[in-house]
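Here is the file data34.tsv (TSV, C-alpha atoms).
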chain	number	residue	atom	x	y	z
P	1	MET	CA	-7.79	77.97	49.92
P	2	ILE	CA	-8.78	76.49	46.56
P	3	THR	CA	-11.09	79.42	45.92
P	4	THR	CA	-8.23	81.77	46.64
P	5	LEU	CA	-6.13	80.07	44.02
P	6	ILE	CA	-8.76	79.59	41.30
P	7	LEU	CA	-10.63	82.88	41.55
P	8	PRO	CA	-7.87	85.14	40.14
P	9	SER	CA	-7.48	82.81	37.13
P	10	VAL	CA	-11.19	82.88	36.45
P	11	VAL	CA	-11.27	86.65	36.74
P	12	PHE	CA	-8.27	86.94	34.44
P	13	ALA	CA	-9.86	84.63	31.86
P	14	GLN	CA	-13.07	86.61	32.08
P	15	ARG	CA	-11.16	89.85	31.47
P	16	ILE	CA	-9.45	88.42	28.43
P	17	GLN	CA	-12.79	87.25	27.08
P	18	ASN	CA	-14.32	90.66	27.73
P	19	ASN	CA	-11.43	92.37	25.99
P	20	ASN	CA	-11.82	90.06	22.99
P	21	ILE	CA	-15.52	90.79	22.83
P	22	LYS	CA	-14.79	94.51	23.05
P	23	ARG	CA	-12.16	94.26	20.30
P	24	ASP	CA	-14.48	92.17	18.12
P	25	THR	CA	-17.28	94.63	18.61
P	26	ALA	CA	-14.92	97.53	17.87
P	27	PHE	CA	-13.73	95.83	14.68
P	28	CYS	CA	-17.28	95.32	13.48
P	29	LEU	CA	-18.29	98.86	14.46
P	30	LYS	CA	-15.22	100.30	12.75
P	31	ILE	CA	-15.88	98.59	9.42
P	32	SER	CA	-18.21	101.29	8.10
P	33	ASP	CA	-15.79	104.06	9.11
P	34	THR	CA	-12.86	102.25	7.50
P	35	LEU	CA	-14.81	101.83	4.28
P	36	THR	CA	-15.75	105.51	4.32
P	37	ASN	CA	-12.08	106.47	4.78
P	38	ILE	CA	-11.00	104.26	1.90
P	39	GLU	CA	-13.82	105.56	-0.30
P	40	ASN	CA	-12.81	109.15	0.46
P	41	ARG	CA	-9.26	108.30	-0.49
P	42	THR	CA	-10.25	106.51	-3.73
P	43	ASP	CA	-12.53	109.43	-4.69
P	44	GLU	CA	-9.72	111.89	-4.06
P	45	ARG	CA	-7.23	109.85	-6.10
P	46	GLU	CA	-9.73	109.21	-8.87
P	47	ALA	CA	-10.17	112.97	-9.14
P	48	LYS	CA	-6.37	113.30	-9.49
P	49	ILE	CA	-6.34	110.73	-12.32
P	50	LYS	CA	-9.07	112.69	-14.10
P	51	GLU	CA	-7.10	115.88	-13.58
P	52	ARG	CA	-4.00	114.29	-15.16
P	53	ILE	CA	-6.06	112.97	-18.08
P	54	GLY	CA	-7.51	116.45	-18.63
P	55	ALA	CA	-4.05	118.02	-18.42
P	56	ARG	CA	-2.70	115.51	-20.94
P	57	GLN	CA	-5.46	116.33	-23.43
P	58	SER	CA	-4.90	120.08	-23.08
P	59	ASN	CA	-1.16	119.56	-23.46
P	60	ILE	CA	-1.58	117.48	-26.61
P	61	ASP	CA	-4.07	119.94	-28.11
P	62	GLU	CA	-1.76	122.85	-27.36
P	63	ARG	CA	1.30	121.12	-28.81
P	64	ARG	CA	-0.57	120.15	-31.98
P	65	GLU	CA	-1.84	123.67	-32.46
P	66	LYS	CA	1.67	125.10	-32.03
P	67	ARG	CA	3.14	122.59	-34.46
P	68	ASP	CA	0.39	123.26	-37.01
P	69	ASP	CA	1.05	126.99	-36.80
P	70	ARG	CA	4.80	126.46	-37.12
P	71	LEU	CA	4.43	124.15	-40.10
P	72	ALA	CA	2.01	126.52	-41.84
P	73	GLU	CA	4.35	129.46	-41.28
P	74	PHE	CA	7.36	127.42	-42.38
P	75	ARG	CA	5.62	126.31	-45.58
P	76	GLN	CA	4.48	129.80	-46.39
P	77	LYS	CA	8.00	131.20	-46.02
P	78	ARG	CA	9.45	128.37	-48.09
P	79	ASP	CA	6.81	128.91	-50.79
P	80	GLU	CA	7.78	132.58	-50.96
P	81	ASN	CA	11.48	131.73	-51.02
P	82	ARG	CA	10.96	129.16	-53.77
P	83	ASN	CA	9.04	131.70	-55.86
P	84	GLU	CA	12.01	134.07	-55.52
P	85	HIS	CA	14.27	131.29	-56.84
P	86	PHE	CA	11.87	130.66	-59.75
P	87	GLN	CA	11.80	134.37	-60.49
P	88	LYS	CA	15.60	134.61	-60.54
P	89	LEU	CA	15.84	131.59	-62.81
P	90	MET	CA	13.33	133.19	-65.12
P	91	GLU	CA	15.42	136.40	-65.17
P	92	LYS	CA	18.41	134.31	-66.28
P	93	ALA	CA	16.42	132.65	-69.08
P	94	GLN	CA	17.44	134.15	-72.42
P	95	THR	CA	15.56	132.12	-74.98
P	96	ASP	CA	11.93	130.99	-75.26
P	97	ALA	CA	13.09	127.39	-74.75
P	98	GLN	CA	14.82	128.37	-71.53
P	99	LYS	CA	11.77	130.32	-70.36
P	100	GLN	CA	9.59	127.34	-71.19
P	101	ALA	CA	12.01	125.05	-69.30
P	102	VAL	CA	11.79	127.29	-66.21
P	103	ILE	CA	7.97	127.26	-66.38
P	104	GLN	CA	8.04	123.47	-66.69
P	105	PHE	CA	10.53	123.23	-63.81
P	106	GLN	CA	8.21	125.34	-61.69
P	107	ILE	CA	5.24	123.08	-62.54
P	108	ASP	CA	7.24	119.90	-61.81
P	109	ILE	CA	8.55	121.21	-58.49
P	110	ASN	CA	5.17	122.49	-57.37
P	111	ASN	CA	3.59	119.12	-58.22
P	112	ALA	CA	6.31	117.31	-56.26
P	113	ILE	CA	5.80	119.64	-53.30
P	114	THR	CA	2.04	119.16	-53.34
P	115	ALA	CA	2.53	115.37	-53.39
P	116	ARG	CA	5.01	115.61	-50.50
P	117	LYS	CA	2.78	117.87	-48.44
P	118	THR	CA	-0.19	115.57	-49.00
P	119	ALA	CA	1.81	112.50	-47.93
P	120	ILE	CA	3.24	114.23	-44.85
P	121	ASP	CA	-0.11	115.71	-43.82
P	122	LYS	CA	-1.73	112.30	-44.14
P	123	ALA	CA	1.02	110.66	-42.05
P	124	ILE	CA	0.56	113.34	-39.35
P	125	SER	CA	-3.22	113.03	-39.39
P	126	ASP	CA	-3.05	109.20	-39.23
P	127	PHE	CA	-0.56	109.35	-36.38
P	128	ARG	CA	-2.68	111.82	-34.42
P	129	GLN	CA	-5.70	109.62	-34.94
P	130	SER	CA	-3.77	106.64	-33.57
P	131	ILE	CA	-2.62	108.63	-30.55
P	132	ASP	CA	-6.22	109.74	-29.95
P	133	ASN	CA	-7.41	106.14	-30.23
P	134	ALA	CA	-4.69	104.97	-27.82
P	135	ILE	CA	-5.70	107.67	-25.33
P	136	SER	CA	-9.39	106.78	-25.62
P	137	SER	CA	-8.63	103.10	-25.20
P	138	ARG	CA	-6.40	103.83	-22.20
P	139	LYS	CA	-9.10	106.00	-20.68
P	140	VAL	CA	-11.71	103.24	-21.04
P	141	SER	CA	-9.29	100.75	-19.41
P	142	VAL	CA	-8.45	103.15	-16.58
P	143	ASP	CA	-12.15	103.88	-15.93
P	144	SER	CA	-12.84	100.16	-15.80
P	145	LEU	CA	-9.86	99.52	-13.49
P	146	VAL	CA	-10.97	102.28	-11.15
P	147	SER	CA	-14.63	101.28	-10.96
P	148	THR	CA	-13.80	97.58	-10.57
P	149	TYR	CA	-11.43	98.39	-7.72
P	150	LYS	CA	-13.93	100.66	-5.97
P	151	ASN	CA	-16.82	98.22	-6.35
P	152	SER	CA	-14.72	95.28	-5.19
P	153	ILE	CA	-13.64	97.13	-2.06
P	154	LYS	CA	-17.24	97.96	-1.28
P	155	GLU	CA	-18.28	94.32	-1.81
P	156	ASP	CA	-15.49	93.04	0.45
P	157	PHE	CA	-16.42	95.42	3.25
P	158	ASN	CA	-20.12	94.67	2.86
P	159	LYS	CA	-19.34	90.97	3.16
P	160	ALA	CA	-17.33	91.67	6.29
P	161	LYS	CA	-20.27	93.61	7.71
P	162	THR	CA	-22.69	90.77	6.92
P	163	ASP	CA	-20.28	88.29	8.53
P	164	CYS	CA	-20.15	90.48	11.63
P	165	ASP	CA	-23.96	90.55	11.77
P	166	ASN	CA	-24.05	86.79	11.40
P	167	GLY	CA	-21.61	86.28	14.27
P	168	VAL	CA	-18.72	84.90	12.23
P	169	ALA	CA	-15.49	84.92	14.23
P	170	THR	CA	-13.79	88.32	13.95
P	171	SER	CA	-10.40	86.78	13.34
P	172	GLU	CA	-11.83	84.95	10.36
P	173	ILE	CA	-13.53	88.08	8.98
P	174	ARG	CA	-10.37	90.09	9.45
P	175	THR	CA	-8.17	87.50	7.73
P	176	THR	CA	-10.59	87.22	4.81
P	177	LEU	CA	-10.82	90.99	4.42
P	178	ARG	CA	-7.05	91.46	4.51
P	179	ALA	CA	-6.55	88.72	1.92
P	180	SER	CA	-9.24	90.26	-0.31
P	181	LEU	CA	-7.68	93.73	-0.13
P	182	LYS	CA	-4.25	92.32	-0.89
P	183	GLY	CA	-5.68	90.35	-3.84
P	184	LEU	CA	-7.43	93.47	-5.14
P	185	ARG	CA	-4.25	95.50	-4.95
P	186	GLU	CA	-2.23	92.85	-6.76
P	187	LYS	CA	-4.87	92.43	-9.46
P	188	PHE	CA	-4.97	96.18	-9.93
P	189	GLU	CA	-1.18	96.32	-10.33
P	190	ASN	CA	-1.21	93.54	-12.92
P	191	ASP	CA	-4.07	95.08	-14.88
P	192	ARG	CA	-2.31	98.44	-14.78
P	193	LYS	CA	0.79	96.93	-16.38
P	194	ASN	CA	-1.36	95.91	-19.35
P	195	LEU	CA	-2.07	99.60	-19.97
P	196	ASP	CA	1.57	100.11	-20.93
P	197	LYS	CA	1.25	97.55	-23.70
P	198	VAL	CA	-0.64	100.20	-25.70
P	199	ASN	CA	2.62	102.18	-25.77
P	200	ASP	CA	4.34	99.30	-27.56
P	201	SER	CA	1.79	99.50	-30.35
P	202	ILE	CA	2.57	103.23	-30.64
P	203	ASP	CA	6.26	102.40	-31.09
P	204	SER	CA	5.54	100.28	-34.15
P	205	LEU	CA	3.24	103.01	-35.42
P	206	ILE	CA	6.02	105.58	-35.05
P	207	THR	CA	8.33	103.35	-37.08
P	208	ALA	CA	5.68	103.08	-39.79
P	209	LYS	CA	5.06	106.82	-39.87
P	210	LYS	CA	8.78	107.61	-39.96
P	211	ALA	CA	9.00	105.31	-42.95
P	212	ALA	CA	6.06	107.19	-44.54
P	213	PHE	CA	7.87	110.52	-44.00
P	214	GLU	CA	11.08	109.12	-45.46
P	215	LYS	CA	9.29	107.74	-48.49
P	216	ALA	CA	7.59	111.09	-49.07
P	217	ILE	CA	10.96	112.86	-48.93
P	218	SER	CA	12.67	110.24	-51.06
P	219	ASP	CA	9.94	110.43	-53.74
P	220	PHE	CA	10.23	114.19	-53.60
P	221	LYS	CA	14.00	114.15	-54.07
P	222	THR	CA	13.63	111.83	-57.06
P	223	ALA	CA	11.09	114.18	-58.63
P	224	VAL	CA	13.31	117.22	-57.93
P	225	GLN	CA	16.31	115.46	-59.46
P	226	ALA	CA	14.32	114.72	-62.65
P	227	ALA	CA	13.13	118.34	-62.83
P	228	LYS	CA	16.68	119.57	-62.30
P	229	GLU	CA	18.05	117.46	-65.15
P	230	LYS	CA	15.36	118.72	-67.53
P	231	LEU	CA	16.12	122.32	-66.56
P	232	LYS	CA	19.86	121.86	-66.84
P	233	ALA	CA	19.40	120.51	-70.34
P	234	ALA	CA	17.94	123.89	-71.29
P	235	PHE	CA	20.82	125.75	-69.61
P	236	PRO	CA	23.92	123.89	-70.86
P	237	GLU	CA	26.25	126.56	-69.50
P	238	SER	CA	25.04	126.17	-65.90
V	239	MET	CA	42.38	149.91	17.57
V	240	ILE	CA	44.04	148.41	14.50
V	241	LYS	CA	41.81	145.39	14.93
V	242	PHE	CA	38.75	147.66	15.04
V	243	ILE	CA	39.81	149.50	11.86
V	244	MET	CA	40.47	146.18	10.09
V	245	ASN	CA	37.04	144.93	11.14
V	246	GLN	CA	35.43	148.11	9.84
V	247	LYS	CA	37.25	147.70	6.49
V	248	ILE	CA	36.52	144.00	6.13
V	249	LYS	CA	32.85	144.25	7.05
V	250	PRO	CA	31.63	145.75	3.73
V	251	ILE	CA	33.77	143.25	1.79
V	252	ILE	CA	32.20	140.35	3.65
V	253	ILE	CA	28.70	141.75	3.13
V	254	ILE	CA	29.32	142.28	-0.59
V	255	THR	CA	30.77	138.78	-0.96
V	256	VAL	CA	27.83	137.18	0.84
V	257	LEU	CA	25.37	139.16	-1.28
V	258	ALA	CA	27.21	138.16	-4.46
V	259	ILE	CA	27.10	134.48	-3.46
V	260	LEU	CA	23.39	134.77	-2.69
V	261	ILE	CA	22.64	136.45	-6.02
V	262	ILE	CA	24.66	133.89	-7.98
V	263	GLY	CA	23.04	131.04	-6.01
V	264	PHE	CA	19.58	132.45	-6.69
V	265	ALA	CA	20.34	132.88	-10.39
V	266	VAL	CA	21.64	129.30	-10.70
V	267	PHE	CA	18.65	127.95	-8.76
V	268	TYR	CA	16.20	129.96	-10.84
V	269	LYS	CA	17.76	128.79	-14.09
V	270	GLY	CA	17.69	125.16	-12.93
V	271	ALA	CA	14.09	125.44	-11.82
V	272	GLU	CA	12.76	126.66	-15.14
V	273	SER	CA	9.56	124.88	-16.01
V	274	PRO	CA	9.64	122.26	-18.80
V	275	THR	CA	7.28	124.47	-20.79
V	276	THR	CA	9.73	127.38	-20.65
V	277	GLN	CA	12.57	125.12	-21.73
V	278	GLU	CA	10.41	123.61	-24.45
V	279	ASN	CA	9.46	127.07	-25.70
V	280	LYS	CA	13.14	128.06	-25.76
V	281	GLU	CA	13.95	124.93	-27.77
V	282	ILE	CA	11.14	125.73	-30.18
V	283	ALA	CA	12.36	129.30	-30.53
V	284	LYS	CA	15.89	128.05	-31.23
V	285	GLU	CA	14.62	125.56	-33.81
V	286	ALA	CA	12.34	128.18	-35.34
V	287	THR	CA	15.33	130.44	-35.88
V	288	LYS	CA	17.14	127.65	-37.74
V	289	GLU	CA	14.02	126.91	-39.81
V	290	ASN	CA	13.66	130.51	-40.84
V	291	ILE	CA	17.11	130.85	-42.38
V	292	LEU	CA	16.18	130.97	-46.04
V	293	PRO	CA	18.67	130.28	-48.84
V	294	PRO	CA	18.97	133.44	-50.95
V	295	ALA	CA	17.78	133.30	-54.56
V	296	THR	CA	20.75	133.70	-56.95
V	297	GLY	CA	19.43	132.49	-60.28
V	298	ASN	CA	21.77	129.52	-60.10
V	299	ILE	CA	20.06	126.17	-60.74
V	300	ASN	CA	22.07	124.34	-58.06
V	301	ASP	CA	21.24	127.00	-55.47
V	302	ALA	CA	17.55	126.72	-56.33
V	303	ILE	CA	17.68	122.91	-56.07
V	304	ASN	CA	19.56	123.09	-52.76
V	305	ALA	CA	16.99	125.51	-51.38
V	306	ILE	CA	14.15	123.20	-52.38
V	307	ILE	CA	15.83	120.11	-50.87
V	308	ASP	CA	16.74	122.07	-47.73
V	309	GLY	CA	13.07	123.01	-47.32
V	310	ALA	CA	12.04	119.36	-47.55
V	311	THR	CA	14.66	118.21	-45.04
V	312	LYS	CA	13.75	120.90	-42.52
V	313	GLU	CA	10.08	120.14	-42.95
V	314	GLN	CA	10.84	116.50	-42.18
V	315	ASP	CA	12.64	117.53	-38.95
V	316	LEU	CA	9.74	119.73	-38.03
V	317	THR	CA	7.10	117.08	-38.56
V	318	ALA	CA	9.12	114.42	-36.72
V	319	GLU	CA	8.38	116.32	-33.49
V	320	GLU	CA	4.90	114.85	-33.76
V	321	PHE	CA	6.22	111.56	-32.39
V	322	THR	CA	7.23	113.13	-29.09
V	323	ASP	CA	3.54	113.17	-28.10
V	324	LYS	CA	3.96	109.49	-27.30
V	325	THR	CA	5.64	110.49	-24.04
V	326	LEU	CA	2.36	112.05	-22.88
V	327	LEU	CA	0.43	108.80	-23.09
V	328	ASP	CA	1.40	107.45	-19.69
V	329	ILE	CA	1.50	110.79	-17.91
V	330	ASP	CA	-1.30	109.47	-15.66
V	331	SER	CA	0.71	106.39	-14.55
V	332	GLN	CA	1.81	107.80	-11.21
V	333	THR	CA	-1.70	108.80	-10.18
V	334	ILE	CA	-3.09	105.42	-11.31
V	335	ASN	CA	-0.46	103.65	-9.20
V	336	GLU	CA	-1.39	105.76	-6.21
V	337	PHE	CA	-5.04	104.97	-6.73
V	338	GLY	CA	-4.29	101.23	-6.62
V	339	GLN	CA	-2.63	101.74	-3.24
V	340	SER	CA	-5.67	103.45	-1.71
V	341	ALA	CA	-6.43	100.58	0.66
V	342	SER	CA	-2.93	99.24	1.12
V	343	ASN	CA	-2.36	100.71	4.58
V	344	TYR	CA	-5.60	99.12	5.75
V	345	GLU	CA	-4.44	95.67	4.70
V	346	ASN	CA	-2.49	95.22	7.93
V	347	GLY	CA	-4.19	97.86	10.01
V	348	ILE	CA	-7.63	96.29	10.10
Show me the file's structure as structure tokens.
Amino acid sequence: MITTLILPSVVFAQRIQNNNIKRDTAFCLKISDTLTNIENRTDEREAKIKERIGARQSNIDERREKRDDRLAEFRQKRDENRNEHFQKLMEKAQTDAQKQAVIQFQIDINNAITARKTAIDKAISDFRQSIDNAISSRKVSVDSLVSTYKNSIKEDFNKAKTDCDNGVATSEIRTTLRASLKGLREKFENDRKNLDKVNDSIDSLITAKKAAFEKAISDFKTAVQAAKEKLKAAFPES
Amino acid sequence: MIKFIMNQKIKPIIIITVLAILIIGFAVFYKGAESPTTQENKEIAKEATKENILPPATGNINDAINAIIDGATKEQDLTAEEFTDKTLLDIDSQTINEFGQSASNYENGI
């Protein structure tokens, strides 16, 4: 009678224990496969990051080249147009003093334009250098983020494997591994946010370069104004 | 019979209307789906047209001065486009975020 009552409970307990052993064994056996899956995924996503970085560089190079071509063409056309204006002014000059004033005006304007072009070209070149530095710095940070994340995942899974081999309770291994993965993800997110701080430094750089452009234009206008007054003095009727 | 004739007359109208709607829909969709590069190139072309309007030489001092100042102002506008490259800096953000989530669905599934 007692046997009849106890036996099913014992069998049931045995089954539960067997199932737990099976599940524990499955967890430990699955660890390598899980790591491989994650590594495949990280490799695939790392490749996408590299692809985006490559696309960004090509995009920047292409845009710079287009802008350089446009600026060169613009300047050439403006130089030609300005020479036409100088020529017309010279045609209007009646006296030697007026002709001399036009020549001087031409020299003054050309000097002012050279100074402006030099200042603008330097501001562009400095800005491009800063963008390049920001990109390089971001790339180094991203590479470090990626390799740290990948290595940490590997370490966590290797630890789990060692714990399995050493007979540590599966529930404990599982909890530790989950916590580690969560910690890694959160650390990654925080470190990634720091990348965006580089953009803030670019903002202040843009302000500085805009100021450099404005100063170049303002200096230019002052020089043009002075040249205009000198020329007008030679052409009182104008 | 009258119904049949009406149907025969209305049929081409319906077909033409449906075709017209499809063509218009396709045109609107195509225009909306233009790549950023195409739009950017159009913008550049539009700006380039403005840049290339040159003030004619008249022999008047004020016209010459205005032409010179106009050149400087337009050059400033042109060079300011340089700053738009800043937007390309974090173009990799999305893929970096995705990378950081590589193991997230294993966190609870282990």
message = At a cut-off of 8 Å, which residues of chain V touch chain P? Count only C-alpha atoms and give the answer as a PyMOL selection string.
response = chain V and resi 286+289-290+292-299+302-303+305-307+309-311+313-314+316-318+320-321+323-324+326-330+333-342+344-346+348
Counting all atoms listed in the file, which of P:Gln104, P:Ser130, P:Gln76, P:Asn158 gets nearest to Ala208 (chain P)?
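The shortest atom-to-atom distance to Ala208 (chain P) comes from P:Ser130.
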Could you state the separation of CA of Ile103 (chain P) and CA of Pro236 (chain P) in Å, given to one decimal place?
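About the pair CA of Ile103 (chain P) and CA of Pro236 (chain P): they are 16.9 Å apart.
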re CA of Ala234 (chain P) and CA of Ala97 (chain P): distance 6.9 Å
### Atomic distance CA of Ala211 (chain P) - CA of Gln129 (chain P), expressed in Å with one decimal
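Those two atoms sit 17.3 Å apart.
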Could you get me a file of region 315-342 of chain V with N, CA and C atoms, as a PDB file, in the first residue's frame, taken from the block above?
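Output below, filename selection_12.pdb:
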ATOM      1  N   ASP V 315      28.716  82.221 -50.187  1.00  0.00           N
ATOM      2  CA  ASP V 315      27.604  81.249 -50.167  1.00  0.00           C
ATOM      3  C   ASP V 315      28.078  79.866 -50.622  1.00  0.00           C
ATOM      4  N   LEU V 316      28.896  79.930 -51.664  1.00  0.00           N
ATOM      5  CA  LEU V 316      29.390  78.685 -52.256  1.00  0.00           C
ATOM      6  C   LEU V 316      30.267  77.915 -51.274  1.00  0.00           C
ATOM      7  N   THR V 317      31.142  78.638 -50.615  1.00  0.00           N
ATOM      8  CA  THR V 317      32.085  77.974 -49.704  1.00  0.00           C
ATOM      9  C   THR V 317      31.399  77.525 -48.415  1.00  0.00           C
ATOM     10  N   ALA V 318      30.296  78.177 -48.054  1.00  0.00           N
ATOM     11  CA  ALA V 318      29.590  77.797 -46.818  1.00  0.00           C
ATOM     12  C   ALA V 318      29.017  76.379 -46.908  1.00  0.00           C
ATOM     13  N   GLU V 319      28.861  75.883 -48.136  1.00  0.00           N
ATOM     14  CA  GLU V 319      28.343  74.512 -48.311  1.00  0.00           C
ATOM     15  C   GLU V 319      29.279  73.469 -47.694  1.00  0.00           C
ATOM     16  N   GLU V 320      30.520  73.889 -47.519  1.00  0.00           N
ATOM     17  CA  GLU V 320      31.525  73.007 -46.909  1.00  0.00           C
ATOM     18  C   GLU V 320      31.039  72.450 -45.565  1.00  0.00           C
ATOM     19  N   PHE V 321      30.314  73.288 -44.831  1.00  0.00           N
ATOM     20  CA  PHE V 321      29.916  72.899 -43.468  1.00  0.00           C
ATOM     21  C   PHE V 321      28.869  71.785 -43.453  1.00  0.00           C
ATOM     22  N   THR V 322      28.226  71.567 -44.586  1.00  0.00           N
ATOM     23  CA  THR V 322      27.182  70.533 -44.611  1.00  0.00           C
ATOM     24  C   THR V 322      27.785  69.125 -44.480  1.00  0.00           C
ATOM     25  N   ASP V 323      29.100  69.023 -44.679  1.00  0.00           N
ATOM     26  CA  ASP V 323      29.757  67.709 -44.542  1.00  0.00           C
ATOM     27  C   ASP V 323      29.654  67.174 -43.119  1.00  0.00           C
ATOM     28  N   LYS V 324      29.359  68.061 -42.198  1.00  0.00           N
ATOM     29  CA  LYS V 324      29.235  67.642 -40.792  1.00  0.00           C
ATOM     30  C   LYS V 324      28.153  66.552 -40.645  1.00  0.00           C
ATOM     31  N   THR V 325      27.120  66.673 -41.478  1.00  0.00           N
ATOM     32  CA  THR V 325      26.005  65.722 -41.373  1.00  0.00           C
ATOM     33  C   THR V 325      26.428  64.287 -41.724  1.00  0.00           C
ATOM     34  N   LEU V 326      27.588  64.174 -42.390  1.00  0.00           N
ATOM     35  CA  LEU V 326      28.031  62.831 -42.798  1.00  0.00           C
ATOM     36  C   LEU V 326      28.790  62.115 -41.685  1.00  0.00           C
ATOM     37  N   LEU V 327      29.168  62.878 -40.660  1.00  0.00           N
ATOM     38  CA  LEU V 327      30.005  62.290 -39.604  1.00  0.00           C
ATOM     39  C   LEU V 327      29.357  61.078 -38.948  1.00  0.00           C
ATOM     40  N   ASP V 328      28.082  61.214 -38.582  1.00  0.00           N
ATOM     41  CA  ASP V 328      27.459  60.109 -37.839  1.00  0.00           C
ATOM     42  C   ASP V 328      26.566  59.230 -38.722  1.00  0.00           C
ATOM     43  N   ILE V 329      26.946  59.148 -39.988  1.00  0.00           N
ATOM     44  CA  ILE V 329      26.185  58.340 -40.935  1.00  0.00           C
ATOM     45  C   ILE V 329      26.261  56.840 -40.578  1.00  0.00           C
ATOM     46  N   ASP V 330      27.258  56.478 -39.746  1.00  0.00           N
ATOM     47  CA  ASP V 330      27.422  55.078 -39.355  1.00  0.00           C
ATOM     48  C   ASP V 330      26.691  54.743 -38.045  1.00  0.00           C
ATOM     49  N   SER V 331      26.009  55.735 -37.463  1.00  0.00           N
ATOM     50  CA  SER V 331      25.360  55.554 -36.151  1.00  0.00           C
ATOM     51  C   SER V 331      24.415  54.361 -36.093  1.00  0.00           C
ATOM     52  N   GLN V 332      23.557  54.288 -37.114  1.00  0.00           N
ATOM     53  CA  GLN V 332      22.549  53.218 -37.136  1.00  0.00           C
ATOM     54  C   GLN V 332      23.201  51.835 -37.107  1.00  0.00           C
ATOM     55  N   THR V 333      24.233  51.673 -37.939  1.00  0.00           N
ATOM     56  CA  THR V 333      24.876  50.352 -38.011  1.00  0.00           C
ATOM     57  C   THR V 333      25.647  50.059 -36.712  1.00  0.00           C
ATOM     58  N   ILE V 334      26.186  51.103 -36.083  1.00  0.00           N
ATOM     59  CA  ILE V 334      26.895  50.894 -34.807  1.00  0.00           C
ATOM     60  C   ILE V 334      25.887  50.457 -33.740  1.00  0.00           C
ATOM     61  N   ASN V 335      24.730  51.116 -33.721  1.00  0.00           N
ATOM     62  CA  ASN V 335      23.678  50.732 -32.772  1.00  0.00           C
ATOM     63  C   ASN V 335      23.291  49.268 -32.956  1.00  0.00           C
ATOM     64  N   GLU V 336      23.096  48.900 -34.212  1.00  0.00           N
ATOM     65  CA  GLU V 336      22.699  47.516 -34.509  1.00  0.00           C
ATOM     66  C   GLU V 336      23.768  46.529 -34.041  1.00  0.00           C
ATOM     67  N   PHE V 337      25.017  46.932 -34.233  1.00  0.00           N
ATOM     68  CA  PHE V 337      26.113  46.054 -33.802  1.00  0.00           C
ATOM     69  C   PHE V 337      26.019  45.789 -32.300  1.00  0.00           C
ATOM     70  N   GLY V 338      25.775  46.858 -31.543  1.00  0.00           N
ATOM     71  CA  GLY V 338      25.688  46.750 -30.077  1.00  0.00           C
ATOM     72  C   GLY V 338      24.523  45.895 -29.599  1.00  0.00           C
ATOM     73  N   GLN V 339      23.606  45.593 -30.513  1.00  0.00           N
ATOM     74  CA  GLN V 339      22.439  44.771 -30.155  1.00  0.00           C
ATOM     75  C   GLN V 339      22.631  43.317 -30.604  1.00  0.00           C
ATOM     76  N   SER V 340      23.840  43.008 -31.074  1.00  0.00           N
ATOM     77  CA  SER V 340      24.059  41.681 -31.675  1.00  0.00           C
ATOM     78  C   SER V 340      23.690  40.519 -30.763  1.00  0.00           C
ATOM     79  N   ALA V 341      23.900  40.696 -29.449  1.00  0.00           N
ATOM     80  CA  ALA V 341      23.635  39.575 -28.541  1.00  0.00           C
ATOM     81  C   ALA V 341      22.374  39.790 -27.721  1.00  0.00           C
ATOM     82  N   SER V 342      21.647  40.875 -28.030  1.00  0.00           N
ATOM     83  CA  SER V 342      20.536  41.220 -27.129  1.00  0.00           C
ATOM     84  C   SER V 342      19.432  40.152 -27.083  1.00  0.00           C
TER      85      SER V 342
END
